[in-house]
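Engineer: Sharing a structure here in structure tokens format.
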Amino acid sequence: MTRQRELALDPQPSMATRREWLDDGALLLRGHAGAVAVDMVTEIKRIARLSPFRRMATPGGGMMSVAMTCCGARGWCSDGQGYRYVAADPQTGQPWPPMPATWRQLAIHAARAAGYDGFEPDSCLINGYRPGARMGLHQDRDERSDAPVVSVSFGLPAIFQWGGLRRTDPLRRIPLLHGDVVVWGGVSRYVFHGIAPIRAGTHAVTGPCRYNLTFRRTL
DNA sequence: AAGTATCA
DNA sequence: CGTG
């Protein structure tokens, strides 16, 4: 059987994924979510009808340029009081929309590919980036669990800034493209990272937007 | 604390 | 365009 035929029959898109270790414990799965991207972007829009994208305030008094919503049992929020996970959307008073089972399975599969068995995400933060939007250098440290983080990118390309455990550690700049998945955990779990301002453009699936999903275990 | 602006 |  030809390699091409094997790939066409393979129900696991990851088998065709090019893997690149960013660091000990941090794996980039290039294009891993490409085959399901259209369906997942459709789901993002459905979720956003229930819990709309909104820009949150930071404790320092600024406003984030990235628009956010969440799904799953708990969702990440920021306001003048700080960062936290909450079970209900503060804007609607309703629980966050459920995490689609297909998303959960994708996140579990990606985590396993990076060596993290038993990942049970209870939260998915959905970030919407328009051109110019950015995410400053930060650590993900609002979770009580030290389970890994799984990040899935759709739409416009981004430059992922990948640093170290100290804010001043040198940064690597890694392009993240439509369908790319990054997993970080273990000794890389609290690495500083960010997203450079998104360049103007249009993507065939998402239009003038980048979406990023981050799956986490919060408890 | 995941903000922006500005300069060397 | 990058860092501090």
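Labels for the structure tokens follow display order: chains A, B, ..., residues from 1 in each chain, ligands from 1.
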At a cut-off of 10 Å, using only C-alpha atoms (C1' of nucleotides), what residues contact A:Ser65? Leave out same-chain residues fewer than 6 positions from it and give the result as a list in words.
Structural biologist: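 The residues that qualify are Arg54, Arg55, Met56, Ala57, Gly128, Tyr129, Arg130, Pro131, Gly132, Ala133, Arg134, Met135, Gly136 and Pro197 of chain A; DG3 of chain B.
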Engineer: If you count only C-alpha atoms (C1' of nucleotides), which residues fall within 10 Å of B:DA2, apart from same-chain ones fewer than 3 positions away, as a list in words?
Structural biologist: Ala57, Thr58, Pro59, Met64, Val66, Ser78, Tyr83, Arg134, Met135, Gly136, Leu137, His138, Gln139, Asp140, His193 and Gly194 of chain A
Engineer: Just the helix (DSSP H, G or I) stuff from stretch 9-137 of chain A, please, per backbone DSSP, written as a ChimeraX atom specification.
Structural biologist: /A:9,13-16,34-50,101-113
Engineer: Report as a PyMOL selection string all protein, DNA and RNA residues lying within 10 Å of stretch 185-187 of chain A, evaluated on only C-alpha atoms (C1' of nucleotides), omitting residues in the same chain fewer than 6 positions from it.
Structural biologist: chain A and resi 23-27+111+114-116+146-150+165
Engineer: Kindly save the residues from that selection, with all heavy atoms included, as a CSV table (one decimal), in the first residue's frame.
Structural biologist:
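File written: again.csv
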```
chain,number,residue,atom,x,y,z
A,23,ASP,N,11.0,22.2,23.7
A,23,ASP,CA,11.7,22.1,24.9
A,23,ASP,C,11.4,20.8,25.5
A,23,ASP,O,10.6,20.1,25.1
A,23,ASP,CB,11.2,23.2,25.9
A,23,ASP,CG,12.2,24.4,26.1
A,23,ASP,OD1,13.4,24.1,26.0
A,23,ASP,OD2,11.8,25.5,26.3
A,24,ASP,N,12.1,20.5,26.6
A,24,ASP,CA,11.7,19.3,27.4
A,24,ASP,C,10.3,19.5,27.8
A,24,ASP,O,9.9,20.5,28.5
A,24,ASP,CB,12.6,19.1,28.6
A,24,ASP,CG,14.0,18.6,28.2
A,24,ASP,OD1,14.2,18.2,27.1
A,24,ASP,OD2,14.9,18.7,29.1
A,25,GLY,N,9.4,18.6,27.4
A,25,GLY,CA,8.0,18.7,27.9
A,25,GLY,C,7.1,19.5,27.0
A,25,GLY,O,5.9,19.6,27.3
A,26,ALA,N,7.6,20.1,25.9
A,26,ALA,CA,6.8,21.0,25.1
A,26,ALA,C,6.9,20.6,23.6
A,26,ALA,O,8.0,20.6,23.0
A,26,ALA,CB,7.2,22.4,25.2
A,27,LEU,N,5.8,20.1,23.1
A,27,LEU,CA,5.7,19.5,21.7
A,27,LEU,C,4.8,20.3,20.8
A,27,LEU,O,3.7,20.7,21.2
A,27,LEU,CB,5.2,18.1,21.8
A,27,LEU,CG,5.2,17.3,20.5
A,27,LEU,CD1,6.6,17.1,20.0
A,27,LEU,CD2,4.5,16.0,20.7
A,111,ALA,N,-2.2,15.6,24.1
A,111,ALA,CA,-1.5,15.5,25.4
A,111,ALA,C,-0.7,14.2,25.4
A,111,ALA,O,0.4,14.1,25.8
A,111,ALA,CB,-2.4,15.7,26.6
A,114,ALA,N,2.4,14.0,23.5
A,114,ALA,CA,3.5,14.7,24.2
A,114,ALA,C,4.0,13.9,25.4
A,114,ALA,O,4.9,14.4,26.1
A,114,ALA,CB,3.1,16.1,24.5
A,115,GLY,N,3.3,12.8,25.7
A,115,GLY,CA,3.7,12.0,26.9
A,115,GLY,C,2.9,12.2,28.1
A,115,GLY,O,3.3,11.7,29.2
A,116,TYR,N,1.8,12.9,28.0
A,116,TYR,CA,1.0,13.2,29.2
A,116,TYR,C,-0.3,12.3,29.1
A,116,TYR,O,-1.3,12.7,28.5
A,116,TYR,CB,0.6,14.7,29.3
A,116,TYR,CG,1.8,15.6,29.3
A,116,TYR,CD1,2.2,16.4,28.2
A,116,TYR,CD2,2.7,15.6,30.4
A,116,TYR,CE1,3.3,17.1,28.2
A,116,TYR,CE2,3.8,16.4,30.4
A,116,TYR,CZ,4.1,17.1,29.3
A,116,TYR,OH,5.3,17.9,29.3
A,146,ASP,N,-1.3,21.0,37.9
A,146,ASP,CA,-0.1,21.3,37.0
A,146,ASP,C,-0.2,20.4,35.8
A,146,ASP,O,0.8,20.2,35.1
A,146,ASP,CB,1.2,21.1,37.8
A,146,ASP,CG,1.3,19.6,38.3
A,146,ASP,OD1,0.4,18.8,38.1
A,146,ASP,OD2,2.4,19.3,38.9
A,147,ALA,N,-1.4,19.9,35.4
A,147,ALA,CA,-1.6,19.2,34.2
A,147,ALA,C,-1.2,20.1,33.0
A,147,ALA,O,-1.1,21.3,33.1
A,147,ALA,CB,-3.0,18.8,34.0
A,148,PRO,N,-0.8,19.5,31.9
A,148,PRO,CA,-0.3,20.3,30.7
A,148,PRO,C,-1.4,21.2,30.2
A,148,PRO,O,-2.6,21.1,30.5
A,148,PRO,CB,0.1,19.2,29.7
A,148,PRO,CG,-0.7,18.0,30.1
A,148,PRO,CD,-0.8,18.0,31.6
A,149,VAL,N,-0.9,22.1,29.3
A,149,VAL,CA,-1.8,23.0,28.5
A,149,VAL,C,-1.7,22.5,27.1
A,149,VAL,O,-0.6,22.2,26.6
A,149,VAL,CB,-1.3,24.5,28.6
A,149,VAL,CG1,-2.2,25.4,27.7
A,149,VAL,CG2,-1.4,24.9,30.1
A,150,VAL,N,-2.9,22.5,26.4
A,150,VAL,CA,-2.9,22.1,25.0
A,150,VAL,C,-3.5,23.3,24.2
A,150,VAL,O,-4.6,23.8,24.5
A,150,VAL,CB,-3.8,20.9,24.8
A,150,VAL,CG1,-3.9,20.6,23.3
A,150,VAL,CG2,-3.2,19.6,25.5
A,165,LEU,N,11.6,30.0,32.2
A,165,LEU,CA,10.9,30.1,33.4
A,165,LEU,C,11.0,31.5,34.1
A,165,LEU,O,10.3,31.8,35.0
A,165,LEU,CB,11.4,29.0,34.4
A,165,LEU,CG,11.1,27.6,33.9
A,165,LEU,CD1,11.7,26.5,34.9
A,165,LEU,CD2,9.6,27.4,33.8
```
Engineer: Enter the distance from atom CA of A:Thr102 to atom CA of A:Thr69, in Å, rounded to one decimal.
Structural biologist: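 Between these atoms lies a distance of 18.2 Å.
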Engineer: For a quick check of understanding, using only C-alpha atoms (C1' of nucleotides), which of A:Arg173, A:Gly201, A:Arg217, A:Tyr190 has the smallest distance to C:DG2?
Structural biologist: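 The shortest atom-to-atom distance to C:DG2 comes from A:Arg173.
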Engineer: Just asking: which residues within chain A are strand (DSSP E or B) according to DSSP, as a PyMOL selection string?
Structural biologist: chain A and resi 18-23+26-30+54-57+63-72+75-79+82-86+88+95+123-129+135-138+149-155+158-162+172-176+181-184+193-195+203+207+210-216
Engineer: Calculate how many Å separate atom CA of A:Cys71 from atom CA of A:Ala204, rounding to one decimal.
Structural biologist: 24.7 Å
